[in-house]
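Have a look at the structure below, then the notes.
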Amino acid sequence: MDFYSFLIQVLNSIQYGLLLFLVASGLTLVFGIMGIINLAHGAFYMVGAYLAFGLTSLTGSFVLSILLGIPLMLVIGALLEWALFSFLYERDHLEQVLLTYGLILIFEELRSLIAGDDVHGVAAPGWLSASIPLGDTMSYPVYRLVISGACILLAAGLFFLIQKTRLGMLIRAGSHDRDMVQSLGFNINLIYRTVFALGVALAAFAGMLAAPVSSVFPGMGGQVLIVSFVIVVIGGIGSVWGALFAALLVGFADTFGKVFVPDFSGVIVYVLMAAVLLWRPEGIFSKK
Amino acid sequence: MKSHCFPGKKIVNHLVMAALLAAPALAAAQQAKLKVGLMMSYTGTFSGPSNAATNGFKQFVNENGGKLGGREVEYFAVDDQADPAKATENANKLIKRDRVDVVVGAIHSGVALALAKVARETNTLMVVPNAAADELTGVLCAPNIFRVSFSSWQPAYAMGQHVGKKHKNAVTLTWKYAAGLQMVEGFKEGFEKKGGKVAKEMTLPFPNVEFQAFLTEIASIKPEAVYVFFAGAGAAKFVRDYAAAGLNKSIPLYAPGFLTDGTLEAMGDAGQGLLTTLHYADGINNPKNAAFRLGYVKAYKAEPDVYAVQGYDAAQLLDAGIGAVKGDTAKRADLVKAMEDAKIDSPRGAFTFTKAHNPIQDIYLRKVEGRENRLVEVTSKALADPARGCRM
């Protein structure tokens, strides 16, 4: 591989890693901070992608579909938390797994009833459909770079929210001791509802942004679910920077795995996870 | 006239009685319903193809007054969920529990391989309406197993020959699973026969769809052509990524038909002009195809696809075999002989069978225009699968 191709592969890795971070960010909040094992995270991602598809064909504008979709998903997230998840904080993880697995089945079935089982494409907005030439045969779509930019902004925003704001402080406090936060006079239920809704909206937002590059299809949530968990676990539970770092690590491992050891590219991400867990069982950025 | 004046009344009564008594016995001997087991993936990703194949099958039966080979048909359907792990159990539901006379399945190759094993053990007549694994009419071939679709080798080999006429080196990319690897092997064989050379064979794990690393590889190798096997969502994404990376401008992309079947809407403009090979295409001009398409649209309010054709032909093949033995499926040897010798007047064009029971058929080169895979030319005339490993 010549140096020039190598540089493009590095760009591919970073770009893929940032996309993975976007997908995993909602899970970092819900699983990492609230401690809920949310297998339905991938389903919310899928719902987001289908919303982008449906709303884009309805309104004719991809940007508008995102602007409409996010508040909608915040509401759905809050409703789900109120109706289902709020009963699970004190229960053990197995019951969370059961509930969220059930949600996957329900969302997949609803998707099948409403949108059918066909593969759909979503067009990126015209002003983002340009490409930047790299070398004489290849070019890089601007839209992918925009996604990367959105991911960096999102990482910074999340970090700021969790580490620097009063809400973030309460969230962190609540993840350590719910009862104490409650008895200090804060409405912990409302805080959790907000965080969960945010997590759902982030997953859906990732699905919406990814829809133009990944297309929209049944079972798309399942593909991102596992890698999202891998990222949260590698990065260290509850750490936004950890998730970002882990996502980039996975991006590099996947891209260069495909190039250098194609026969093992399917397992390389999991080998990476096993290695990290042997070295730091709490994840790379864990503070414990 | 009062009926009691009629002298033959008693005799008539006896005759009626005799007829009434005899009728069920006769029906049991000759007119028992033909039990047809349908084993396809009615839920999940393959539900579209499964429903189309089932519709096609029933269309032929309905056109023939609900009969196959003169016998009334009774359906038993099992949803195999495209899960090979449950396939043996599902096959037994049809074969052992429902005691079907013939099983039509499957869509998914992994399921079909498991089903074929059960069919071989129980000597059940089996017609494959789609699954393309080479083994079904290769290593696993059997007198009671027929396929009306195609083997992976067929469209792949045909594409290899076609690409070999224009280009001398190519790069291949597919998911690393049986179907993908067979589709690449067939291509390589056809391509090398025409003097081509595969510069690099690339694979990625199924169902991974992050292609960027491979596109960069292709741009750096700069082959004359790229051959891929993808289907469904992966196909749509690959074609979009390939175009977004600008590779479609300098390096032509070729694939077996699945790349562009059911995925054109999702591909958008990126799919236009793509060349693929398959045993069916839009714009095949023969009376059978016209009648078939009209009948399908009338019955199901949808356009038929290649899967519907395959379902239709599965029913045609059974009709030919069972008709030849006048409905007596116990005469298995004669029935199989009639099926082997059948010339199926298919919407895709007439075809016959190899000794291993795979169609000897024309493979078409198709070009994407709008939302259709338009017929360009017959790229391989009457192409027969080599049936490697078949001892029959």
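Going by the structure tokens order, chains are called A, B, ..., each with residues numbered from 1, while ligands are numbered from 1 in the order shown.
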>> According to DSSP computed on the backbone, where in region 147-357 of chain B is there strand (DSSP E or B)? Give the residues as an MDAnalysis selection string.
In response: chainID B and resid 147 169:175 197:204 225:229 253:256 275:278 282 344 351:353
Given the selection you just returned, output its residues as a file containing N, CA and C atoms, formatted as a tab-separated table (two decimals), in the first residue's frame.
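Below you can see out.tsv, which holds the result:
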```
chain	number	residue	atom	x	y	z
B	147	ARG	N	-34.44	-28.57	-9.15
B	147	ARG	CA	-34.36	-27.13	-8.94
B	147	ARG	C	-34.85	-26.43	-10.20
B	169	ASN	N	-8.19	-7.64	-16.56
B	169	ASN	CA	-8.00	-7.90	-15.13
B	169	ASN	C	-9.11	-7.26	-14.32
B	170	ALA	N	-9.41	-7.92	-13.20
B	170	ALA	CA	-10.55	-7.49	-12.39
B	170	ALA	C	-10.28	-7.74	-10.92
B	171	VAL	N	-11.03	-7.04	-10.08
B	171	VAL	CA	-10.98	-7.25	-8.64
B	171	VAL	C	-12.37	-7.72	-8.21
B	172	THR	N	-12.44	-8.68	-7.29
B	172	THR	CA	-13.76	-9.15	-6.83
B	172	THR	C	-13.96	-8.79	-5.36
B	173	LEU	N	-15.20	-8.60	-4.99
B	173	LEU	CA	-15.54	-8.31	-3.59
B	173	LEU	C	-16.89	-8.93	-3.27
B	174	THR	N	-16.97	-9.63	-2.15
B	174	THR	CA	-18.24	-10.20	-1.73
B	174	THR	C	-18.24	-10.42	-0.22
B	175	TRP	N	-19.42	-10.72	0.31
B	175	TRP	CA	-19.49	-11.18	1.69
B	175	TRP	C	-18.87	-12.56	1.75
B	197	LYS	N	-7.66	-12.11	-15.72
B	197	LYS	CA	-6.98	-12.48	-14.50
B	197	LYS	C	-7.56	-11.68	-13.34
B	198	VAL	N	-7.90	-12.39	-12.26
B	198	VAL	CA	-8.43	-11.70	-11.08
B	198	VAL	C	-7.25	-11.20	-10.25
B	199	ALA	N	-7.09	-9.88	-10.19
B	199	ALA	CA	-5.94	-9.30	-9.52
B	199	ALA	C	-6.03	-9.47	-8.01
B	200	LYS	N	-7.24	-9.36	-7.46
B	200	LYS	CA	-7.38	-9.51	-6.01
B	200	LYS	C	-8.80	-9.93	-5.67
B	201	GLU	N	-8.91	-10.95	-4.80
B	201	GLU	CA	-10.24	-11.37	-4.32
B	201	GLU	C	-10.41	-10.83	-2.90
B	202	MET	N	-11.37	-9.93	-2.73
B	202	MET	CA	-11.57	-9.35	-1.41
B	202	MET	C	-12.90	-9.83	-0.82
B	203	THR	N	-12.92	-10.02	0.49
B	203	THR	CA	-14.17	-10.42	1.15
B	203	THR	C	-14.34	-9.61	2.43
B	204	LEU	N	-15.57	-9.49	2.87
B	204	LEU	CA	-15.82	-8.92	4.18
B	204	LEU	C	-16.88	-9.77	4.86
B	225	ALA	N	-11.90	-3.75	-14.26
B	225	ALA	CA	-13.30	-4.00	-13.92
B	225	ALA	C	-13.42	-4.48	-12.48
B	226	VAL	N	-14.59	-4.27	-11.88
B	226	VAL	CA	-14.86	-4.77	-10.53
B	226	VAL	C	-16.09	-5.67	-10.60
B	227	TYR	N	-15.99	-6.86	-9.97
B	227	TYR	CA	-17.11	-7.79	-9.92
B	227	TYR	C	-17.47	-8.00	-8.45
B	228	VAL	N	-18.75	-7.84	-8.12
B	228	VAL	CA	-19.16	-8.04	-6.73
B	228	VAL	C	-20.38	-8.94	-6.66
B	229	PHE	N	-20.57	-9.58	-5.50
B	229	PHE	CA	-21.86	-10.19	-5.21
B	229	PHE	C	-22.39	-9.60	-3.91
B	253	LEU	N	-18.57	-1.57	-13.02
B	253	LEU	CA	-18.95	-2.53	-11.98
B	253	LEU	C	-19.87	-3.59	-12.59
B	254	TYR	N	-19.60	-4.87	-12.29
B	254	TYR	CA	-20.44	-5.96	-12.80
B	254	TYR	C	-20.86	-6.85	-11.63
B	255	ALA	N	-21.99	-7.52	-11.80
B	255	ALA	CA	-22.48	-8.38	-10.71
B	255	ALA	C	-23.55	-9.32	-11.22
B	256	PRO	N	-23.81	-10.42	-10.49
B	256	PRO	CA	-25.01	-11.21	-10.78
B	256	PRO	C	-26.24	-10.38	-10.44
B	275	LEU	N	-24.71	-3.19	-15.28
B	275	LEU	CA	-24.91	-4.42	-16.04
B	275	LEU	C	-24.86	-5.62	-15.10
B	276	THR	N	-25.87	-6.47	-15.17
B	276	THR	CA	-25.89	-7.68	-14.35
B	276	THR	C	-26.35	-8.86	-15.19
B	277	THR	N	-26.10	-10.07	-14.68
B	277	THR	CA	-26.55	-11.29	-15.38
B	277	THR	C	-27.53	-12.06	-14.51
B	278	LEU	N	-28.57	-12.60	-15.16
B	278	LEU	CA	-29.53	-13.45	-14.46
B	278	LEU	C	-30.35	-14.22	-15.49
B	282	ASP	N	-36.39	-7.83	-17.39
B	282	ASP	CA	-37.55	-7.08	-17.86
B	282	ASP	C	-37.46	-6.96	-19.37
B	344	ILE	N	-39.82	-27.18	-19.84
B	344	ILE	CA	-40.68	-26.22	-19.17
B	344	ILE	C	-40.82	-24.96	-20.03
B	351	PHE	N	-36.89	-24.12	-20.94
B	351	PHE	CA	-35.67	-24.75	-20.48
B	351	PHE	C	-35.88	-26.23	-20.20
B	352	THR	N	-34.77	-26.98	-20.20
B	352	THR	CA	-34.79	-28.40	-19.86
B	352	THR	C	-33.86	-28.61	-18.66
B	353	PHE	N	-33.67	-29.87	-18.26
B	353	PHE	CA	-32.88	-30.12	-17.05
B	353	PHE	C	-31.60	-30.89	-17.35
```
With a cut-off of 6 Å and counting only C-alpha atoms, select all residues of chain B in contact with chain A and give the selection as a short mmCIF file (atom, residue, chain, number, x, y, z; two decimals) with C-alpha atoms, in the first residue's frame.
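After the write, result-v6.cif holds the following:
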```
data_model
loop_
_atom_site.label_atom_id
_atom_site.label_comp_id
_atom_site.auth_asym_id
_atom_site.auth_seq_id
_atom_site.Cartn_x
_atom_site.Cartn_y
_atom_site.Cartn_z
CA PRO B 205 -17.84 -10.64 6.90
CA ALA B 213 -11.67 0.51 3.02
CA ALA B 219 -8.83 2.96 -6.30
CA ALA B 233 -29.56 -3.62 1.65
CA LYS B 237 -25.35 0.59 -0.04
CA ALA B 244 -20.15 8.42 -4.19
CA ALA B 245 -16.47 7.51 -4.31
CA GLY B 246 -16.49 8.40 -8.00
CA LEU B 247 -15.24 4.92 -9.00
CA ALA B 266 -32.95 2.39 -2.75
#
```
>> If we count only C-alpha atoms and set the cut-off at 12 Å, which residues sit around Ala173 (chain A), ignoring sequence neighbours fewer than 2 positions away in its own chain? Please answer as JSON, numbers by chain.
In response: {"A": [33, 34, 162, 163, 166, 167, 168, 169, 170, 171, 175, 176, 177, 178, 179, 180, 181, 182, 184, 186, 188, 191, 192]}
Take the selection from the previous step and output its residues with N, CA and C atoms, as a PDB file, in the first residue's frame.
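For reference, result-v6.pdb as written:
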```pdb
ATOM      1  N   ILE A  33     -24.390   5.841  31.806  1.00  0.00           N
ATOM      2  CA  ILE A  33     -24.646   6.730  32.945  1.00  0.00           C
ATOM      3  C   ILE A  33     -25.855   6.277  33.771  1.00  0.00           C
ATOM      4  N   MET A  34     -26.935   5.908  33.084  1.00  0.00           N
ATOM      5  CA  MET A  34     -28.115   5.478  33.840  1.00  0.00           C
ATOM      6  C   MET A  34     -28.032   4.021  34.259  1.00  0.00           C
ATOM      7  N   ILE A 162     -22.483  16.956  30.272  1.00  0.00           N
ATOM      8  CA  ILE A 162     -22.279  16.044  31.406  1.00  0.00           C
ATOM      9  C   ILE A 162     -21.326  16.643  32.445  1.00  0.00           C
ATOM     10  N   GLN A 163     -20.256  17.279  31.958  1.00  0.00           N
ATOM     11  CA  GLN A 163     -19.211  17.717  32.882  1.00  0.00           C
ATOM     12  C   GLN A 163     -19.385  19.144  33.376  1.00  0.00           C
ATOM     13  N   ARG A 166     -25.220  22.177  35.261  1.00  0.00           N
ATOM     14  CA  ARG A 166     -25.880  21.764  36.496  1.00  0.00           C
ATOM     15  C   ARG A 166     -26.641  20.452  36.279  1.00  0.00           C
ATOM     16  N   LEU A 167     -27.315  20.360  35.096  1.00  0.00           N
ATOM     17  CA  LEU A 167     -28.031  19.124  34.778  1.00  0.00           C
ATOM     18  C   LEU A 167     -27.070  17.946  34.736  1.00  0.00           C
ATOM     19  N   GLY A 168     -25.911  18.178  34.105  1.00  0.00           N
ATOM     20  CA  GLY A 168     -24.921  17.111  34.006  1.00  0.00           C
ATOM     21  C   GLY A 168     -24.462  16.654  35.375  1.00  0.00           C
ATOM     22  N   MET A 169     -24.298  17.629  36.258  1.00  0.00           N
ATOM     23  CA  MET A 169     -23.859  17.315  37.609  1.00  0.00           C
ATOM     24  C   MET A 169     -24.906  16.443  38.311  1.00  0.00           C
ATOM     25  N   LEU A 170     -26.163  16.829  38.125  1.00  0.00           N
ATOM     26  CA  LEU A 170     -27.247  16.051  38.740  1.00  0.00           C
ATOM     27  C   LEU A 170     -27.311  14.645  38.145  1.00  0.00           C
ATOM     28  N   ILE A 171     -27.098  14.571  36.832  1.00  0.00           N
ATOM     29  CA  ILE A 171     -27.120  13.249  36.183  1.00  0.00           C
ATOM     30  C   ILE A 171     -26.036  12.373  36.777  1.00  0.00           C
ATOM     31  N   SER A 175     -26.519   8.985  39.024  1.00  0.00           N
ATOM     32  CA  SER A 175     -26.035   7.665  38.641  1.00  0.00           C
ATOM     33  C   SER A 175     -25.302   7.008  39.807  1.00  0.00           C
ATOM     34  N   HIS A 176     -24.790   7.822  40.717  1.00  0.00           N
ATOM     35  CA  HIS A 176     -24.114   7.245  41.885  1.00  0.00           C
ATOM     36  C   HIS A 176     -25.110   6.903  42.985  1.00  0.00           C
ATOM     37  N   ASP A 177     -26.048   7.811  43.238  1.00  0.00           N
ATOM     38  CA  ASP A 177     -26.971   7.597  44.353  1.00  0.00           C
ATOM     39  C   ASP A 177     -28.295   8.316  44.104  1.00  0.00           C
ATOM     40  N   ARG A 178     -29.216   7.575  43.573  1.00  0.00           N
ATOM     41  CA  ARG A 178     -30.534   8.125  43.257  1.00  0.00           C
ATOM     42  C   ARG A 178     -31.209   8.750  44.477  1.00  0.00           C
ATOM     43  N   ASP A 179     -31.202   7.974  45.565  1.00  0.00           N
ATOM     44  CA  ASP A 179     -31.971   8.387  46.741  1.00  0.00           C
ATOM     45  C   ASP A 179     -31.440   9.689  47.332  1.00  0.00           C
ATOM     46  N   MET A 180     -30.113   9.812  47.317  1.00  0.00           N
ATOM     47  CA  MET A 180     -29.524  11.004  47.895  1.00  0.00           C
ATOM     48  C   MET A 180     -29.933  12.242  47.097  1.00  0.00           C
ATOM     49  N   VAL A 181     -29.857  12.129  45.770  1.00  0.00           N
ATOM     50  CA  VAL A 181     -30.243  13.258  44.924  1.00  0.00           C
ATOM     51  C   VAL A 181     -31.706  13.614  45.168  1.00  0.00           C
ATOM     52  N   GLN A 182     -32.522  12.575  45.299  1.00  0.00           N
ATOM     53  CA  GLN A 182     -33.952  12.765  45.557  1.00  0.00           C
ATOM     54  C   GLN A 182     -34.161  13.497  46.879  1.00  0.00           C
ATOM     55  N   LEU A 184     -32.230  15.381  48.434  1.00  0.00           N
ATOM     56  CA  LEU A 184     -31.733  16.756  48.438  1.00  0.00           C
ATOM     57  C   LEU A 184     -32.727  17.702  47.775  1.00  0.00           C
ATOM     58  N   PHE A 186     -34.219  17.244  44.602  1.00  0.00           N
ATOM     59  CA  PHE A 186     -34.280  17.290  43.139  1.00  0.00           C
ATOM     60  C   PHE A 186     -35.221  16.200  42.634  1.00  0.00           C
ATOM     61  N   ILE A 188     -35.552  13.480  40.748  1.00  0.00           N
ATOM     62  CA  ILE A 188     -34.683  12.528  40.039  1.00  0.00           C
ATOM     63  C   ILE A 188     -35.416  11.846  38.894  1.00  0.00           C
ATOM     64  N   ILE A 191     -35.178  14.017  35.950  1.00  0.00           N
ATOM     65  CA  ILE A 191     -33.817  14.005  35.408  1.00  0.00           C
ATOM     66  C   ILE A 191     -33.604  12.749  34.561  1.00  0.00           C
ATOM     67  N   TYR A 192     -34.019  11.614  35.099  1.00  0.00           N
ATOM     68  CA  TYR A 192     -33.832  10.361  34.362  1.00  0.00           C
ATOM     69  C   TYR A 192     -34.658  10.338  33.077  1.00  0.00           C
TER      70      TYR A 192
END
```
Which residues are near Asn38 (chain A)? Cut-off 12 Å, only C-alpha atoms, ignore same chain within fewer than 5 positions. Put them as a PDB file with C-alpha atoms, in the first residue's frame.
```pdb
ATOM      1  CA  ALA A  24     -22.934   4.773  20.487  1.00  0.00           C
ATOM      2  CA  GLY A  26     -26.979   7.605  23.100  1.00  0.00           C
ATOM      3  CA  LEU A  27     -26.035   4.255  24.579  1.00  0.00           C
ATOM      4  CA  THR A  28     -23.252   5.915  26.577  1.00  0.00           C
ATOM      5  CA  LEU A  29     -25.914   8.012  28.286  1.00  0.00           C
ATOM      6  CA  VAL A  30     -28.498   5.303  28.856  1.00  0.00           C
ATOM      7  CA  PHE A  31     -26.253   2.333  29.560  1.00  0.00           C
ATOM      8  CA  GLY A  32     -23.101   4.131  30.649  1.00  0.00           C
ATOM      9  CA  ILE A  33     -24.646   6.730  32.945  1.00  0.00           C
ATOM     10  CA  ALA A  43     -34.268  -0.253  17.258  1.00  0.00           C
ATOM     11  CA  PHE A  44     -34.338   3.498  18.005  1.00  0.00           C
ATOM     12  CA  GLU A  81     -39.422   6.024  30.083  1.00  0.00           C
ATOM     13  CA  PHE A  85     -38.319   2.034  31.919  1.00  0.00           C
ATOM     14  CA  LEU A  88     -36.869  -0.941  35.944  1.00  0.00           C
ATOM     15  CA  TYR A  89     -34.269   1.167  37.756  1.00  0.00           C
ATOM     16  CA  HIS A  93     -30.318  -6.329  34.463  1.00  0.00           C
ATOM     17  CA  LEU A  94     -32.023  -9.504  33.279  1.00  0.00           C
ATOM     18  CA  GLU A  95     -35.431  -7.842  33.455  1.00  0.00           C
ATOM     19  CA  GLN A  96     -34.101  -4.858  31.520  1.00  0.00           C
ATOM     20  CA  VAL A  97     -32.799  -7.251  28.887  1.00  0.00           C
ATOM     21  CA  LEU A  98     -36.215  -8.913  28.633  1.00  0.00           C
ATOM     22  CA  LEU A  99     -38.081  -5.631  28.281  1.00  0.00           C
ATOM     23  CA  THR A 100     -35.720  -4.106  25.760  1.00  0.00           C
ATOM     24  CA  TYR A 101     -35.536  -7.303  23.723  1.00  0.00           C
ATOM     25  CA  GLY A 102     -39.327  -7.275  23.610  1.00  0.00           C
ATOM     26  CA  LEU A 103     -39.179  -3.697  22.388  1.00  0.00           C
ATOM     27  CA  ILE A 104     -36.895  -4.759  19.521  1.00  0.00           C
ATOM     28  CA  PHE A 196     -33.460   8.666  28.596  1.00  0.00           C
ATOM     29  CA  GLY A 199     -30.518   8.879  24.606  1.00  0.00           C
ATOM     30  CA  VAL A 200     -33.409   7.784  22.399  1.00  0.00           C
ATOM     31  CA  ALA A 203     -29.905   7.017  18.620  1.00  0.00           C
ATOM     32  CA  LEU A 225     -26.322  -2.538  18.515  1.00  0.00           C
ATOM     33  CA  ILE A 226     -23.443  -4.892  19.188  1.00  0.00           C
ATOM     34  CA  SER A 228     -22.283   0.178  20.182  1.00  0.00           C
ATOM     35  CA  PHE A 229     -22.013  -1.999  23.271  1.00  0.00           C
TER      36      PHE A 229
END
```
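Picture a line from CA of Lys168 (chain B) to CA of Glu224 (chain B); it runs 7.0 Å.
The two atoms in question, CA of Val184 (chain B) and CA of Asp362 (chain B), are spaced 19.6 Å apart.
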>> Give me the residues near region 103-111 of chain B as a ChimeraX atom specification, where near means some atom within 9 Å (using only C-alpha atoms) and where sequence neighbours in that chain fewer than 3 positions away do not count.
In response: /B:35-41,46,49-50,53,80,82-88,91,94-95,100,114-116,119,124-133,136,178-179,307,311,314
>> DSSP on the backbone, helix (DSSP H, G or I) only: what residues of region 10-220 of chain A does that give? Format it as a count of residues only.
In response: 162
> Which of these residues is nearest to Leu274 (chain B), using only C-alpha atoms: B:Pro287, B:Gly186, B:Gly370, B:Gly262?
Replying inline: B:Gly370
> Which residues come within 9 Å of Ala155 (chain A), counting only C-alpha atoms, excluding same-chain residues fewer than 2 positions away, as a PyMOL selection string?
Replying inline: chain A and resi 21-22+25+150-153+157-160+240-241+244
Would you mind exporting N, CA and C atoms of the selected residues as a short mmCIF file (atom, residue, chain, number, x, y, z; two decimals), in the first residue's frame?
```cif
data_model
loop_
_atom_site.label_atom_id
_atom_site.label_comp_id
_atom_site.auth_asym_id
_atom_site.auth_seq_id
_atom_site.Cartn_x
_atom_site.Cartn_y
_atom_site.Cartn_z
N PHE A 21 -19.21 6.56 16.87
CA PHE A 21 -19.42 7.31 18.10
C PHE A 21 -20.83 7.90 18.14
N LEU A 22 -21.23 8.41 17.00
CA LEU A 22 -22.57 9.00 16.92
C LEU A 22 -23.62 7.96 17.33
N SER A 25 -23.27 7.10 21.12
CA SER A 25 -23.36 8.18 22.11
C SER A 25 -24.62 8.06 22.97
N ALA A 150 -20.44 16.74 12.37
CA ALA A 150 -21.57 16.69 13.31
C ALA A 150 -21.20 15.84 14.52
N CYS A 151 -20.46 14.77 14.31
CA CYS A 151 -20.08 13.89 15.41
C CYS A 151 -19.15 14.60 16.39
N ILE A 152 -18.21 15.38 15.83
CA ILE A 152 -17.27 16.09 16.70
C ILE A 152 -18.02 17.11 17.55
N LEU A 153 -18.93 17.84 16.91
CA LEU A 153 -19.74 18.82 17.64
C LEU A 153 -20.55 18.14 18.75
N GLY A 157 -20.49 18.72 22.68
CA GLY A 157 -21.73 19.12 23.35
C GLY A 157 -22.07 18.20 24.50
N LEU A 158 -21.93 16.90 24.28
CA LEU A 158 -22.23 15.93 25.33
C LEU A 158 -21.29 16.09 26.51
N PHE A 159 -20.02 16.27 26.17
CA PHE A 159 -19.02 16.43 27.22
C PHE A 159 -19.36 17.65 28.06
N PHE A 160 -19.69 18.73 27.38
CA PHE A 160 -20.04 19.96 28.08
C PHE A 160 -21.26 19.74 28.97
N VAL A 240 -17.82 9.89 28.19
CA VAL A 240 -18.06 10.35 26.83
C VAL A 240 -16.77 10.32 26.01
N TRP A 241 -15.69 10.84 26.63
CA TRP A 241 -14.41 10.80 25.90
C TRP A 241 -13.98 9.36 25.64
N LEU A 244 -15.73 8.11 22.66
CA LEU A 244 -15.18 8.70 21.44
C LEU A 244 -13.88 8.01 21.07
#
```
>> I'd like the neighbourhood of region 376-385 of chain B as a list of chain:residue names, where a residue qualifies if any of its atoms comes within 6 Å (using only C-alpha atoms), though same-chain residues fewer than 4 positions away should be ignored.
In response: B:Ala158, B:Ile360, B:Gln361, B:Asp362, B:Ile363, B:Tyr364, B:Leu365, B:Arg366
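Of the listed residues (B:Gly66, B:Ala356, B:Val239, B:Gln59), B:Ala356 comes nearest to Glu135 (chain B); the distances count only C-alpha atoms.
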> Out of B:Gly268, B:Gly48, B:Gly160, B:Pro223, which residue has the shortest atom-to-atom distance to Glu369 (chain B) when counting only C-alpha atoms?
Replying inline: B:Gly268
> Which distance in Å separates CA of Gly222 (chain A) and CA of Gly207 (chain A), to one decimal?
Replying inline: 12.2 Å
> For Gly327 (chain B), which residue among B:Arg71, B:Lys33, B:Lys165, B:Lys58 is the nearest when counting only C-alpha atoms?
Replying inline: B:Arg71
